[in-house]
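upload35.txt (compact mmCIF, C-alpha atoms and all ligand atoms) appears below.
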# COMPACT_ATOMS: atom_id res chain seq x y z
CA MET A 1 -34.87 5.17 31.80
CA ASN A 2 -37.13 5.59 28.83
CA SER A 3 -35.81 3.63 25.86
CA ASN A 4 -37.63 5.91 23.46
CA THR A 5 -35.03 8.60 23.97
CA SER A 6 -33.99 8.15 20.35
CA PHE A 7 -32.80 11.76 20.09
CA ARG A 8 -29.65 10.63 21.86
CA ARG A 9 -26.47 10.15 19.90
CA ILE A 10 -23.84 7.91 21.36
CA PRO A 11 -20.63 7.74 19.28
CA VAL A 12 -18.41 4.67 19.21
CA ALA A 13 -15.59 6.72 20.74
CA SER A 14 -15.13 10.39 21.45
CA PRO A 15 -12.10 12.03 23.03
CA ASP A 16 -11.91 13.29 26.60
CA ILE A 17 -10.54 16.80 26.10
CA GLY A 18 -10.86 19.09 29.10
CA ASP A 19 -9.67 22.38 30.52
CA GLU A 20 -6.12 21.19 30.98
CA GLU A 21 -5.77 20.45 27.25
CA LYS A 22 -7.33 23.80 26.32
CA GLU A 23 -5.10 25.77 28.68
CA LEU A 24 -1.91 24.12 27.48
CA LEU A 25 -2.91 24.54 23.85
CA ILE A 26 -3.47 28.27 24.35
CA LYS A 27 -0.15 28.53 26.19
CA VAL A 28 1.69 26.85 23.30
CA ILE A 29 0.04 29.20 20.82
CA GLU A 30 0.91 32.24 22.88
CA GLU A 31 4.49 31.08 23.23
CA GLY A 32 4.67 30.34 19.49
CA LEU A 33 6.08 26.87 20.16
CA ILE A 34 3.89 25.14 17.60
CA SER A 35 6.23 23.37 15.17
CA GLY A 36 7.98 20.02 15.21
CA THR A 37 10.98 21.51 17.02
CA SER A 38 8.80 22.60 19.96
CA PRO A 39 10.03 21.62 23.44
CA TYR A 40 6.52 20.26 24.04
CA VAL A 41 7.32 17.47 21.57
CA LYS A 42 10.32 16.48 23.71
CA GLU A 43 8.21 16.70 26.85
CA PHE A 44 5.53 14.46 25.38
CA GLU A 45 8.19 11.97 24.24
CA ASN A 46 9.83 11.94 27.67
CA THR A 47 6.54 11.48 29.51
CA PHE A 48 5.50 8.68 27.18
CA SER A 49 8.80 6.81 27.38
CA SER A 50 8.83 7.00 31.20
CA TRP A 51 5.23 5.79 31.35
CA LEU A 52 6.20 2.72 29.32
CA GLY A 53 9.64 2.29 30.81
CA VAL A 54 11.43 2.37 27.43
CA ASN A 55 14.59 4.22 26.43
CA HIS A 56 13.22 6.10 23.42
CA ALA A 57 9.90 7.53 22.30
CA ILE A 58 9.82 9.37 18.98
CA ALA A 59 6.72 11.44 18.31
CA VAL A 60 5.42 11.46 14.75
CA SER A 61 2.52 12.75 12.69
CA ASN A 62 0.33 9.63 12.93
CA GLY A 63 0.38 5.89 13.60
CA THR A 64 0.77 5.00 9.94
CA ALA A 65 3.92 7.13 9.72
CA ALA A 66 5.15 5.38 12.88
CA LEU A 67 4.80 1.99 11.13
CA HIS A 68 6.50 3.29 7.98
CA LEU A 69 9.42 4.64 10.02
CA ALA A 70 9.84 1.44 12.02
CA LEU A 71 9.91 -0.68 8.85
CA MET A 72 12.33 1.65 7.08
CA ALA A 73 14.64 2.01 10.06
CA LEU A 74 14.79 -1.79 10.41
CA GLY A 75 15.87 -1.95 6.78
CA ILE A 76 12.84 -3.87 5.50
CA GLY A 77 12.61 -3.59 1.72
CA PRO A 78 12.21 -5.30 -1.66
CA GLY A 79 12.41 -9.10 -1.51
CA ASP A 80 11.52 -9.22 2.19
CA GLU A 81 8.41 -10.82 3.63
CA VAL A 82 6.63 -9.38 6.65
CA ILE A 83 4.08 -11.46 8.54
CA ILE A 84 0.97 -9.61 9.72
CA PRO A 85 -2.41 -10.68 11.11
CA ASP A 86 -5.25 -11.09 8.62
CA LEU A 87 -7.65 -9.29 10.94
CA THR A 88 -6.55 -5.71 11.59
CA PHE A 89 -6.95 -2.17 10.39
CA ALA A 90 -4.99 -2.17 7.13
CA ALA A 91 -2.21 0.31 7.97
CA PRO A 92 0.39 -2.45 8.69
CA ALA A 93 -0.30 -4.08 5.29
CA ASN A 94 -0.12 -0.73 3.51
CA MET A 95 3.18 0.22 5.11
CA VAL A 96 4.71 -3.17 4.24
CA LEU A 97 3.72 -2.41 0.63
CA ALA A 98 5.07 1.14 0.97
CA VAL A 99 8.57 -0.22 1.62
CA ASN A 100 8.13 -2.62 -1.34
CA ALA A 101 8.11 -5.73 0.83
CA LYS A 102 5.53 -8.52 0.66
CA PRO A 103 2.82 -8.83 3.34
CA ILE A 104 2.11 -12.38 4.48
CA PHE A 105 -1.29 -12.63 6.11
CA VAL A 106 -1.81 -15.17 8.86
CA ASP A 107 -4.90 -16.11 10.78
CA VAL A 108 -5.79 -14.96 14.29
CA THR A 109 -6.88 -16.98 17.32
CA ARG A 110 -10.49 -17.78 18.12
CA GLU A 111 -9.84 -17.21 21.84
CA TYR A 112 -8.52 -13.64 21.90
CA TRP A 113 -8.63 -12.47 18.25
CA CYS A 114 -4.93 -11.58 17.86
CA ILE A 115 -2.29 -13.14 15.59
CA ASP A 116 -1.90 -16.90 16.13
CA PRO A 117 1.71 -17.85 17.01
CA GLU A 118 1.16 -21.31 15.50
CA GLN A 119 0.22 -19.74 12.17
CA ILE A 120 3.29 -17.47 12.28
CA ARG A 121 5.49 -20.55 12.60
CA LYS A 122 3.94 -22.12 9.51
CA ARG A 123 4.48 -19.10 7.26
CA ILE A 124 8.15 -18.37 7.96
CA THR A 125 10.37 -18.68 4.87
CA PRO A 126 14.01 -17.69 4.22
CA LYS A 127 12.63 -14.34 3.03
CA THR A 128 10.79 -13.52 6.25
CA LYS A 129 12.37 -10.49 7.92
CA ALA A 130 9.79 -9.23 10.39
CA VAL A 131 6.44 -9.77 12.07
CA ILE A 132 4.01 -6.96 12.85
CA ILE A 133 1.92 -7.85 15.87
CA VAL A 134 -1.40 -6.03 16.32
CA HIS A 135 -2.87 -5.94 19.82
CA LEU A 136 -6.39 -5.94 18.44
CA TYR A 137 -9.17 -3.91 20.03
CA GLY A 138 -7.06 -3.49 23.18
CA HIS A 139 -6.17 -7.13 23.88
CA PRO A 140 -2.47 -8.11 23.89
CA ALA A 141 -1.11 -10.81 21.63
CA LYS A 142 0.78 -13.76 23.15
CA MET A 143 4.14 -12.04 23.32
CA ASP A 144 6.22 -14.78 25.02
CA GLU A 145 5.59 -17.30 22.25
CA ILE A 146 5.96 -14.67 19.54
CA MET A 147 9.31 -13.43 20.83
CA GLU A 148 10.56 -16.99 21.14
CA ILE A 149 9.66 -17.72 17.51
CA ALA A 150 11.18 -14.41 16.37
CA GLU A 151 14.42 -15.05 18.23
CA ARG A 152 14.72 -18.57 16.87
CA HIS A 153 14.31 -17.35 13.29
CA GLY A 154 16.10 -14.01 13.58
CA LEU A 155 13.01 -11.92 12.85
CA TYR A 156 12.29 -8.34 13.84
CA VAL A 157 9.12 -7.76 15.82
CA ILE A 158 7.14 -4.55 15.51
CA GLU A 159 4.30 -4.25 17.99
CA ASP A 160 1.40 -2.21 16.64
CA CYS A 161 -0.15 -0.77 19.81
CA ALA A 162 -2.42 1.73 18.05
CA GLU A 163 -5.40 0.14 19.79
CA ALA A 164 -3.73 -0.93 23.01
CA HIS A 165 -2.06 1.89 24.99
CA GLY A 166 -1.28 0.41 28.39
CA ALA A 167 -2.44 -3.14 27.65
CA GLU A 168 -0.28 -5.73 29.39
CA PHE A 169 0.99 -9.21 28.67
CA MET A 170 1.84 -11.01 31.95
CA GLY A 171 2.06 -7.69 33.80
CA ARG A 172 4.31 -5.95 31.27
CA LYS A 173 3.11 -3.25 28.94
CA VAL A 174 2.83 -3.99 25.23
CA SER A 175 5.36 -2.21 22.98
CA THR A 176 8.18 -3.21 25.33
CA PHE A 177 8.62 -6.74 23.93
CA GLY A 178 9.45 -6.17 20.29
CA HIS A 179 12.28 -4.29 18.59
CA ALA A 180 9.92 -1.36 18.09
CA GLY A 181 6.42 -0.42 19.22
CA VAL A 182 4.11 1.98 17.43
CA PHE A 183 1.14 3.98 18.69
CA SER A 184 -1.62 6.12 17.21
CA PHE A 185 -3.16 9.14 18.89
CA TYR A 186 -6.02 9.54 16.41
CA ALA A 187 -9.14 11.09 17.94
CA ASN A 188 -10.83 7.78 18.79
CA LYS A 189 -7.81 6.31 20.60
CA VAL A 190 -7.28 6.00 24.37
CA ILE A 191 -5.40 9.28 24.43
CA THR A 192 -5.41 11.62 21.48
CA THR A 193 -3.52 14.44 19.85
CA GLY A 194 -6.11 14.78 17.06
CA GLU A 195 -3.80 12.97 14.67
CA GLY A 196 -0.48 11.71 15.95
CA GLY A 197 1.73 8.74 16.61
CA MET A 198 4.80 7.45 18.45
CA VAL A 199 7.54 4.92 17.82
CA VAL A 200 9.18 3.45 20.90
CA THR A 201 12.28 1.30 21.23
CA ASN A 202 15.08 0.40 23.59
CA ASP A 203 17.60 0.28 20.75
CA ASP A 204 19.71 3.48 20.59
CA GLU A 205 20.79 2.98 16.98
CA LEU A 206 17.29 2.23 15.78
CA ALA A 207 15.97 5.31 17.57
CA ASP A 208 18.63 7.42 15.91
CA ARG A 209 17.68 6.13 12.44
CA ILE A 210 13.99 6.74 13.12
CA ARG A 211 14.73 10.35 14.16
CA LEU A 212 16.82 10.82 11.03
CA ILE A 213 14.14 9.51 8.65
CA ARG A 214 11.42 11.44 10.51
CA ASP A 215 13.25 14.63 9.62
CA HIS A 216 13.98 14.36 5.86
CA GLY A 217 16.95 12.03 6.38
CA MET A 218 19.14 15.09 6.78
CA ARG A 219 22.06 15.49 9.12
CA PRO A 220 23.28 18.13 9.60
CA ARG A 221 20.60 20.48 8.30
CA TYR A 222 20.24 20.50 4.49
CA TRP A 223 22.69 17.60 4.16
CA HIS A 224 20.71 14.49 3.13
CA VAL A 225 22.17 11.10 3.95
CA VAL A 226 19.17 8.73 3.61
CA LEU A 227 15.68 8.90 2.13
CA GLY A 228 13.50 10.67 4.66
CA PHE A 229 10.17 12.39 5.16
CA ASN A 230 8.62 15.06 7.27
CA TYR A 231 6.85 12.86 9.81
CA ARG A 232 7.29 15.28 12.73
CA MET A 233 4.60 15.86 15.33
CA THR A 234 3.68 19.51 15.89
CA GLY A 235 3.97 21.38 19.18
CA LEU A 236 0.20 21.81 19.11
CA GLN A 237 -0.34 18.05 18.97
CA ALA A 238 2.32 17.45 21.61
CA ALA A 239 0.67 19.94 24.00
CA LEU A 240 -2.52 17.89 23.77
CA GLY A 241 -0.45 14.77 24.36
CA VAL A 242 1.26 16.20 27.45
CA ALA A 243 -2.12 17.07 28.97
CA GLN A 244 -3.63 13.71 28.00
CA MET A 245 -0.75 11.81 29.62
CA LYS A 246 -1.76 13.26 33.00
CA LYS A 247 -4.94 11.19 32.85
CA ILE A 248 -3.96 8.18 30.76
CA ASP A 249 -4.10 5.73 33.67
CA LYS A 250 -7.51 7.03 34.70
CA LEU A 251 -8.79 6.73 31.13
CA ILE A 252 -7.59 3.14 30.96
CA GLU A 253 -9.27 2.33 34.26
CA ARG A 254 -12.47 3.92 33.02
CA LYS A 255 -12.36 1.83 29.86
CA ARG A 256 -11.91 -1.31 31.91
CA ARG A 257 -14.84 -0.33 34.10
CA ILE A 258 -17.03 0.23 31.04
CA ALA A 259 -16.00 -3.22 29.82
CA ARG A 260 -16.99 -4.76 33.17
CA ILE A 261 -20.43 -3.16 32.97
CA TYR A 262 -20.97 -4.40 29.43
CA ALA A 263 -19.82 -7.89 30.41
CA GLU A 264 -22.10 -7.96 33.45
CA GLU A 265 -25.14 -6.72 31.54
CA LEU A 266 -24.71 -8.66 28.31
CA ARG A 267 -23.54 -11.94 29.83
CA ASP A 268 -26.92 -13.67 29.84
CA ILE A 269 -28.18 -12.56 26.46
CA PRO A 270 -28.36 -15.56 24.12
CA GLY A 271 -26.26 -15.14 20.99
CA ILE A 272 -23.84 -12.58 22.42
CA GLU A 273 -20.25 -13.64 23.04
CA LEU A 274 -18.34 -11.18 25.21
CA HIS A 275 -15.02 -9.48 24.55
CA PRO A 276 -12.41 -11.93 25.86
CA GLU A 277 -9.64 -11.24 28.34
CA MET A 278 -7.20 -14.09 28.74
CA PRO A 279 -5.83 -14.89 32.23
CA TRP A 280 -2.38 -13.64 31.15
CA ALA A 281 -3.75 -10.42 29.68
CA LYS A 282 -4.75 -6.97 30.75
CA SER A 283 -6.90 -5.64 27.94
CA ILE A 284 -7.75 -1.98 27.71
CA PHE A 285 -10.86 -2.79 25.64
CA TRP A 286 -10.09 -0.02 23.17
CA LEU A 287 -13.46 -0.70 21.64
CA TYR A 288 -15.61 -3.03 23.69
CA SER A 289 -16.61 -5.68 21.19
CA VAL A 290 -18.98 -8.63 21.01
CA LEU A 291 -19.57 -11.52 18.62
CA ILE A 292 -23.11 -12.13 17.45
CA ASP A 293 -24.48 -15.61 16.84
CA SER A 294 -27.46 -14.71 14.66
CA ARG A 295 -29.29 -17.99 15.14
CA LYS A 296 -29.29 -17.69 18.91
CA PHE A 297 -29.85 -13.94 19.03
CA GLY A 298 -32.53 -13.90 16.34
CA ALA A 299 -30.86 -11.16 14.26
CA ASN A 300 -27.47 -10.88 12.65
CA ARG A 301 -24.71 -8.39 13.47
CA ASP A 302 -25.70 -5.92 10.76
CA GLN A 303 -29.36 -5.99 11.75
CA ILE A 304 -28.43 -5.30 15.36
CA ALA A 305 -26.16 -2.44 14.25
CA GLU A 306 -28.99 -0.96 12.20
CA TYR A 307 -31.42 -1.20 15.12
CA LEU A 308 -28.93 0.49 17.44
CA ALA A 309 -28.32 3.21 14.84
CA ARG A 310 -32.04 3.92 14.75
CA HIS A 311 -31.76 4.56 18.49
CA GLY A 312 -28.85 6.95 18.04
CA ILE A 313 -26.17 4.41 18.94
CA GLU A 314 -23.14 4.25 16.69
CA THR A 315 -21.36 0.91 16.31
CA ARG A 316 -18.74 -0.50 13.95
CA ARG A 317 -18.48 -3.83 12.23
CA PHE A 318 -15.16 -5.66 12.68
CA PHE A 319 -12.44 -5.11 10.10
CA TYR A 320 -12.62 -7.14 6.91
CA PRO A 321 -10.05 -9.95 6.60
CA LEU A 322 -7.19 -8.40 4.66
CA HIS A 323 -6.74 -11.34 2.28
CA VAL A 324 -10.16 -10.87 0.67
CA MET A 325 -9.72 -7.25 -0.38
CA PRO A 326 -8.74 -6.27 -3.94
CA LEU A 327 -5.49 -4.57 -2.95
CA TYR A 328 -4.18 -7.55 -0.97
CA ARG A 329 -5.67 -10.59 -2.72
CA GLN A 330 -2.61 -10.99 -4.93
CA TYR A 331 -0.46 -11.73 -1.88
CA THR A 332 -2.63 -14.63 -0.76
CA GLU A 333 -2.30 -18.27 -1.64
CA ASP A 334 -5.50 -20.30 -2.05
CA LYS A 335 -4.34 -23.16 0.13
CA ILE A 336 -3.98 -20.96 3.20
CA SER A 337 -6.88 -21.02 5.64
CA TYR A 338 -8.19 -17.88 7.29
CA GLU A 339 -11.11 -19.52 8.99
CA VAL A 340 -10.99 -17.51 12.20
CA SER A 341 -10.52 -14.01 10.77
CA GLY A 342 -13.48 -14.62 8.45
CA TYR A 343 -15.59 -15.95 11.32
CA LEU A 344 -14.83 -12.99 13.59
CA SER A 345 -15.16 -10.42 10.82
CA GLU A 346 -18.70 -11.60 10.02
CA ARG A 347 -19.87 -11.57 13.63
CA GLY A 348 -17.89 -8.86 15.40
CA LEU A 349 -19.46 -5.61 16.55
CA ASN A 350 -17.70 -2.70 18.31
CA LEU A 351 -19.95 -1.02 20.86
CA PRO A 352 -19.64 2.58 22.10
CA SER A 353 -16.78 2.60 24.60
CA GLY A 354 -14.66 5.73 24.16
CA PRO A 355 -13.02 7.56 27.05
CA LYS A 356 -15.92 9.97 27.32
CA ILE A 357 -18.82 7.53 27.50
CA THR A 358 -20.87 7.60 30.71
CA GLU A 359 -22.12 4.58 32.63
CA GLU A 360 -25.64 5.77 31.95
CA GLU A 361 -24.96 5.67 28.21
CA VAL A 362 -23.61 2.13 28.49
CA THR A 363 -26.77 1.13 30.34
CA TYR A 364 -28.81 2.70 27.54
CA VAL A 365 -26.92 0.72 24.88
CA VAL A 366 -27.58 -2.49 26.79
CA GLU A 367 -31.22 -1.57 27.25
CA ILE A 368 -31.68 -1.11 23.50
CA ILE A 369 -30.00 -4.45 22.77
CA LYS A 370 -32.35 -6.11 25.27
CA LYS A 371 -35.31 -4.27 23.76
CA LEU A 372 -34.46 -5.71 20.34
CA GLN A 373 -34.08 -9.16 21.78
CA GLY A 374 -37.46 -8.76 23.51
CA GLU A 375 -39.11 -7.78 20.21
CA LEU A 376 -37.55 -10.75 18.43
CA HIS A 377 -38.74 -13.25 20.98
CA THR A 378 -42.35 -12.11 21.44
C1 LIG B 1 -3.89 -1.37 14.36
C2 LIG B 1 -3.71 -0.01 13.76
N1 LIG B 1 -2.52 0.32 13.25
C3 LIG B 1 -2.28 1.54 12.72
C4 LIG B 1 -3.27 2.50 12.68
C5 LIG B 1 -2.98 3.80 12.02
O1 LIG B 1 -2.93 4.87 12.89
P1 LIG B 1 -3.23 6.35 12.34
O2 LIG B 1 -4.69 6.43 12.07
O3 LIG B 1 -2.80 7.25 13.46
O4 LIG B 1 -2.41 6.55 11.11
C6 LIG B 1 -4.52 2.20 13.21
C7 LIG B 1 -5.60 3.14 13.11
O5 LIG B 1 -6.08 3.87 13.66
C8 LIG B 1 -4.76 0.92 13.77
O6 LIG B 1 -5.94 0.59 14.29
Let me see the file written as structure tokens.
Ligand SMILES: Cc1ncc(COP(=O)(O)O)c(C=O)c1O
Amino acid sequence: MNSNTSFRRIPVASPDIGDEEKELLIKVIEEGLISGTSPYVKEFENTFSSWLGVNHAIAVSNGTAALHLALMALGIGPGDEVIIPDLTFAAPANMVLAVNAKPIFVDVTREYWCIDPEQIRKRITPKTKAVIIVHLYGHPAKMDEIMEIAERHGLYVIEDCAEAHGAEFMGRKVSTFGHAGVFSFYANKVITTGEGGMVVTNDDELADRIRLIRDHGMRPRYWHVVLGFNYRMTGLQAALGVAQMKKIDKLIERKRRIARIYAEELRDIPGIELHPEMPWAKSIFWLYSVLIDSRKFGANRDQIAEYLARHGIETRRFFYPLHVMPLYRQYTEDKISYEVSGYLSERGLNLPSGPKITEEEVTYVVEIIKKLQGELHT
């Protein structure tokens, strides 16, 4: 293939929406079943809960709302501390602040980039009420150790699976370990409803509270018993979700195949460290990611990203460590070390790897990376 095909544009992730989604969407419109009380919402919830093997799935307007609901329904509030990883998209930190609790940032592991159980242990105080686990970039956190710590200290565990639909820890799907699991169906996720989210749990009472708060905290209608919101998912979103669920396993398999191709092709390039997958993990490689050692590669992460952009290839830098940002700095103590999140954040690069990417496009991305390396070493 000619590497000068710079007219190409390869996004980091684009959704796989086909005829089935279109047909169902038109059907829902024609039937007028578009609101949050649509039977398609129930159908999406039922399909999702069976796929995970959990008792309850509650569809909501987005993943951030799902986190807010889980925290509220668990009764997290002022005076409480909630442990979260320092390296993540910021929604968990924001929702901890939204319920007036204090976020406690802890470092992640060098091996697989998720929250470090050892660091959780060190930051537990009498005020700690919950831990939010983020299965980062598709790789599961170490759920056996985390659940053991949580049980010993009486902590709630919320699994944030926004980036990890179908990822597994020791053969069991994430979201089924903690007291609640939350998902996002934003357009760049494994399956999408445009915007959308889900809270899952096996706890009947918790599910009931989540449903109540999702719908204005009113029961019966117009009678308000707790503070609530309108966090309902629409029938339009749910129709997309129902159609997407028919291919979720295929999409996950495709993402794993894309990851294998990247790993195979990038393995021997000096200065590129591949996206890990621990022996106990099944990652879904939400975004296939690499770490760049600038000395060995000859260019740093941002220079590589810029070069790829010039060839029409979109990438993303890793998230910033939460503790360094203006909004969160006040919750950080100087003596705490966040060595790993800083290290990964400086070097991490998300490569194009959405459900719609073709193998030919992956090969093109690799070719451009090799082209840059060739230029640097001649
Ligand atoms: C780890 C994590 N949690 C929560 C969210 C928030 O989800 P949403 O964008 O649907 O509100 C995201 C973002 O997409 C995320 O990556």
>> How would you report the residues lying within 7 Å of ligand LIG 1 (chain B), as a ChimeraX atom specification, if you count all atoms listed in the file?
In response: /A:62-65,88-89,91-92,134,136,160-163,184-186,195-197
Selection from above, C-alpha atoms, as a PDB file, in the frame of the given file, can you write it?
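Output file out-v8.pdb follows:
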ATOM      1  CA  ASN A  62       0.330   9.630  12.930  1.00  0.00           C
ATOM      2  CA  GLY A  63       0.380   5.890  13.600  1.00  0.00           C
ATOM      3  CA  THR A  64       0.770   5.000   9.940  1.00  0.00           C
ATOM      4  CA  ALA A  65       3.920   7.130   9.720  1.00  0.00           C
ATOM      5  CA  THR A  88      -6.550  -5.710  11.590  1.00  0.00           C
ATOM      6  CA  PHE A  89      -6.950  -2.170  10.390  1.00  0.00           C
ATOM      7  CA  ALA A  91      -2.210   0.310   7.970  1.00  0.00           C
ATOM      8  CA  PRO A  92       0.390  -2.450   8.690  1.00  0.00           C
ATOM      9  CA  VAL A 134      -1.400  -6.030  16.320  1.00  0.00           C
ATOM     10  CA  LEU A 136      -6.390  -5.940  18.440  1.00  0.00           C
ATOM     11  CA  ASP A 160       1.400  -2.210  16.640  1.00  0.00           C
ATOM     12  CA  CYS A 161      -0.150  -0.770  19.810  1.00  0.00           C
ATOM     13  CA  ALA A 162      -2.420   1.730  18.050  1.00  0.00           C
ATOM     14  CA  GLU A 163      -5.400   0.140  19.790  1.00  0.00           C
ATOM     15  CA  SER A 184      -1.620   6.120  17.210  1.00  0.00           C
ATOM     16  CA  PHE A 185      -3.160   9.140  18.890  1.00  0.00           C
ATOM     17  CA  TYR A 186      -6.020   9.540  16.410  1.00  0.00           C
ATOM     18  CA  GLU A 195      -3.800  12.970  14.670  1.00  0.00           C
ATOM     19  CA  GLY A 196      -0.480  11.710  15.950  1.00  0.00           C
ATOM     20  CA  GLY A 197       1.730   8.740  16.610  1.00  0.00           C
TER      21      GLY A 197
END
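Of the listed residues (A:Lys370, A:Lys282, A:His179, A:Lys247), A:His179 comes nearest to Ile133 of chain A; the distances count only C-alpha atoms.
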>> Ranking A:Ala259, A:Leu287, A:Val131, A:Ile304 by minimum distance to Phe318 of chain A and counting only C-alpha atoms, which one comes first?
In response: A:Leu287
>> Would you pick out the contacts of segment 206-216 of chain A at 6 Å or less, using all atoms listed in the file, so that residues sharing its chain but fewer than 4 positions from it are not included, and give the list as a list of chain:residue names?
In response: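 With the cut-off at 6 Å, the set is A:Leu69, A:Ala73, A:Gly228, A:Phe229, A:Asn230, A:Tyr231.
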>> Just to confirm, what's the straight-line distance from atom CA of Arg172 of chain A to atom CA of Glu21 of chain A in Å (one decimal)?
In response: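 Straight-line distance from atom CA of Arg172 of chain A to atom CA of Glu21 of chain A works out to 28.5 Å.
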> Any idea what the distance is between atom CA of Arg295 of chain A and atom CA of Leu349 of chain A?
Replying inline: 15.9 Å
> For Val60 of chain A, which residue among A:Ile76, A:Lys22, A:Trp223, A:Gln237 is the nearest when counting all atoms listed in the file?
Replying inline: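 Nearest to Val60 of chain A: A:Gln237.
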> What does the distance from atom CA of Arg219 of chain A to atom CA of Val157 of chain A come to in Å, to one decimal?
Replying inline: 27.4 Å
Please determine an axis-aligned box that encloses all atoms of segment 316-335 of chain A listed in the file, with 3 Å added on each side, and express its centre and edge lengths in Å to one decimal as lines of an AutoDock Vina configuration file.
center_x = -9.6
center_y = -11.8
center_z = 4.5
size_x = 24.3
size_y = 28.7
size_z = 24.9
>> Need the shell around Lys27 of chain A: protein/DNA/RNA residues with any atom at most 12 Å away, counting only C-alpha atoms. Skip same-chain ones fewer than 6 positions apart. Format as a PyMOL selection string?
In response: chain A and resi 20-21+33-34+40+235-236+239-240+243
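Shortest separation to Val182 of chain A among A:Arg254, A:Lys296, A:His68, A:Arg221 occurs at residue A:His68, atoms counted being only C-alpha atoms.
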> Between A:Ala238, A:Val99, A:Ala164, A:Val362, which one has atoms that come closest to Arg260 of chain A, using all atoms listed in the file?
Replying inline: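 Closest to Arg260 of chain A of all the choices is A:Val362.
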Show which residues sit within 10 Å of Glu361 of chain A, as an mmCIF file with C-alpha atoms, keeping the file's coordinate frame. Count all atoms listed in the file, and ignore same-chain residues fewer than 6 positions away.
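Wrote result_6.cif, looks like this:
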data_model
loop_
_atom_site.group_PDB
_atom_site.id
_atom_site.type_symbol
_atom_site.label_atom_id
_atom_site.label_comp_id
_atom_site.auth_asym_id
_atom_site.auth_seq_id
_atom_site.Cartn_x
_atom_site.Cartn_y
_atom_site.Cartn_z
ATOM 1 C CA ARG A 8 -29.650 10.630 21.860
ATOM 2 C CA ARG A 9 -26.470 10.150 19.900
ATOM 3 C CA ILE A 10 -23.840 7.910 21.360
ATOM 4 C CA ILE A 313 -26.170 4.410 18.940
ATOM 5 C CA PRO A 352 -19.640 2.580 22.100
ATOM 6 C CA SER A 353 -16.780 2.600 24.600
ATOM 7 C CA GLU A 367 -31.220 -1.570 27.250
#
> Taking into account all atoms listed in the file, which residue in the set A:Ser49, A:Ser61, A:Asn202, A:Thr125 is nearest to Thr234 of chain A?
Replying inline: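 Residue with the minimum atom-to-atom distance to Thr234 of chain A: A:Ser61.
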Give me the residues near Val54 of chain A as a short mmCIF file (atom, residue, chain, number, x, y, z; two decimals) with C-alpha atoms, keeping the file's coordinate frame, where near means some atom within 12 Å (using only C-alpha atoms) and where sequence neighbours in that chain fewer than 2 positions away do not count.
data_model
loop_
_atom_site.label_atom_id
_atom_site.label_comp_id
_atom_site.auth_asym_id
_atom_site.auth_seq_id
_atom_site.Cartn_x
_atom_site.Cartn_y
_atom_site.Cartn_z
CA GLU A 45 8.19 11.97 24.24
CA ASN A 46 9.83 11.94 27.67
CA THR A 47 6.54 11.48 29.51
CA PHE A 48 5.50 8.68 27.18
CA SER A 49 8.80 6.81 27.38
CA SER A 50 8.83 7.00 31.20
CA TRP A 51 5.23 5.79 31.35
CA LEU A 52 6.20 2.72 29.32
CA HIS A 56 13.22 6.10 23.42
CA ALA A 57 9.90 7.53 22.30
CA ILE A 58 9.82 9.37 18.98
CA ARG A 172 4.31 -5.95 31.27
CA LYS A 173 3.11 -3.25 28.94
CA VAL A 174 2.83 -3.99 25.23
CA SER A 175 5.36 -2.21 22.98
CA THR A 176 8.18 -3.21 25.33
CA PHE A 177 8.62 -6.74 23.93
CA GLY A 178 9.45 -6.17 20.29
CA HIS A 179 12.28 -4.29 18.59
CA ALA A 180 9.92 -1.36 18.09
CA GLY A 181 6.42 -0.42 19.22
CA VAL A 199 7.54 4.92 17.82
CA VAL A 200 9.18 3.45 20.90
CA THR A 201 12.28 1.30 21.23
CA ASN A 202 15.08 0.40 23.59
CA ASP A 203 17.60 0.28 20.75
CA ASP A 204 19.71 3.48 20.59
CA ALA A 207 15.97 5.31 17.57
#
> Leaving out Pro117 of chain A and any residue of its chain fewer than 6 positions from it, which residues lie within 10 Å of it when counting all atoms listed in the file, given as JSON, numbers by chain?
Replying inline: {"A": [106, 107, 108, 109, 141, 142, 143, 144, 145, 146, 147, 148, 149]}
>> The residues within 9 Å of (-8.7, -0.8, 22.2), using only C-alpha atoms and the coordinates of the file, should be reported as JSON, numbers by chain; which are they?
In response: {"A": [135, 136, 137, 138, 139, 161, 162, 163, 164, 165, 167, 189, 190, 255, 283, 284, 285, 286, 287, 288]}
Export C-alpha atoms of the chosen residues as an mmCIF file, keeping the file's coordinate frame?
data_model
loop_
_atom_site.group_PDB
_atom_site.id
_atom_site.type_symbol
_atom_site.label_atom_id
_atom_site.label_comp_id
_atom_site.auth_asym_id
_atom_site.auth_seq_id
_atom_site.Cartn_x
_atom_site.Cartn_y
_atom_site.Cartn_z
ATOM 1 C CA HIS A 135 -2.870 -5.940 19.820
ATOM 2 C CA LEU A 136 -6.390 -5.940 18.440
ATOM 3 C CA TYR A 137 -9.170 -3.910 20.030
ATOM 4 C CA GLY A 138 -7.060 -3.490 23.180
ATOM 5 C CA HIS A 139 -6.170 -7.130 23.880
ATOM 6 C CA CYS A 161 -0.150 -0.770 19.810
ATOM 7 C CA ALA A 162 -2.420 1.730 18.050
ATOM 8 C CA GLU A 163 -5.400 0.140 19.790
ATOM 9 C CA ALA A 164 -3.730 -0.930 23.010
ATOM 10 C CA HIS A 165 -2.060 1.890 24.990
ATOM 11 C CA ALA A 167 -2.440 -3.140 27.650
ATOM 12 C CA LYS A 189 -7.810 6.310 20.600
ATOM 13 C CA VAL A 190 -7.280 6.000 24.370
ATOM 14 C CA LYS A 255 -12.360 1.830 29.860
ATOM 15 C CA SER A 283 -6.900 -5.640 27.940
ATOM 16 C CA ILE A 284 -7.750 -1.980 27.710
ATOM 17 C CA PHE A 285 -10.860 -2.790 25.640
ATOM 18 C CA TRP A 286 -10.090 -0.020 23.170
ATOM 19 C CA LEU A 287 -13.460 -0.700 21.640
ATOM 20 C CA TYR A 288 -15.610 -3.030 23.690
#
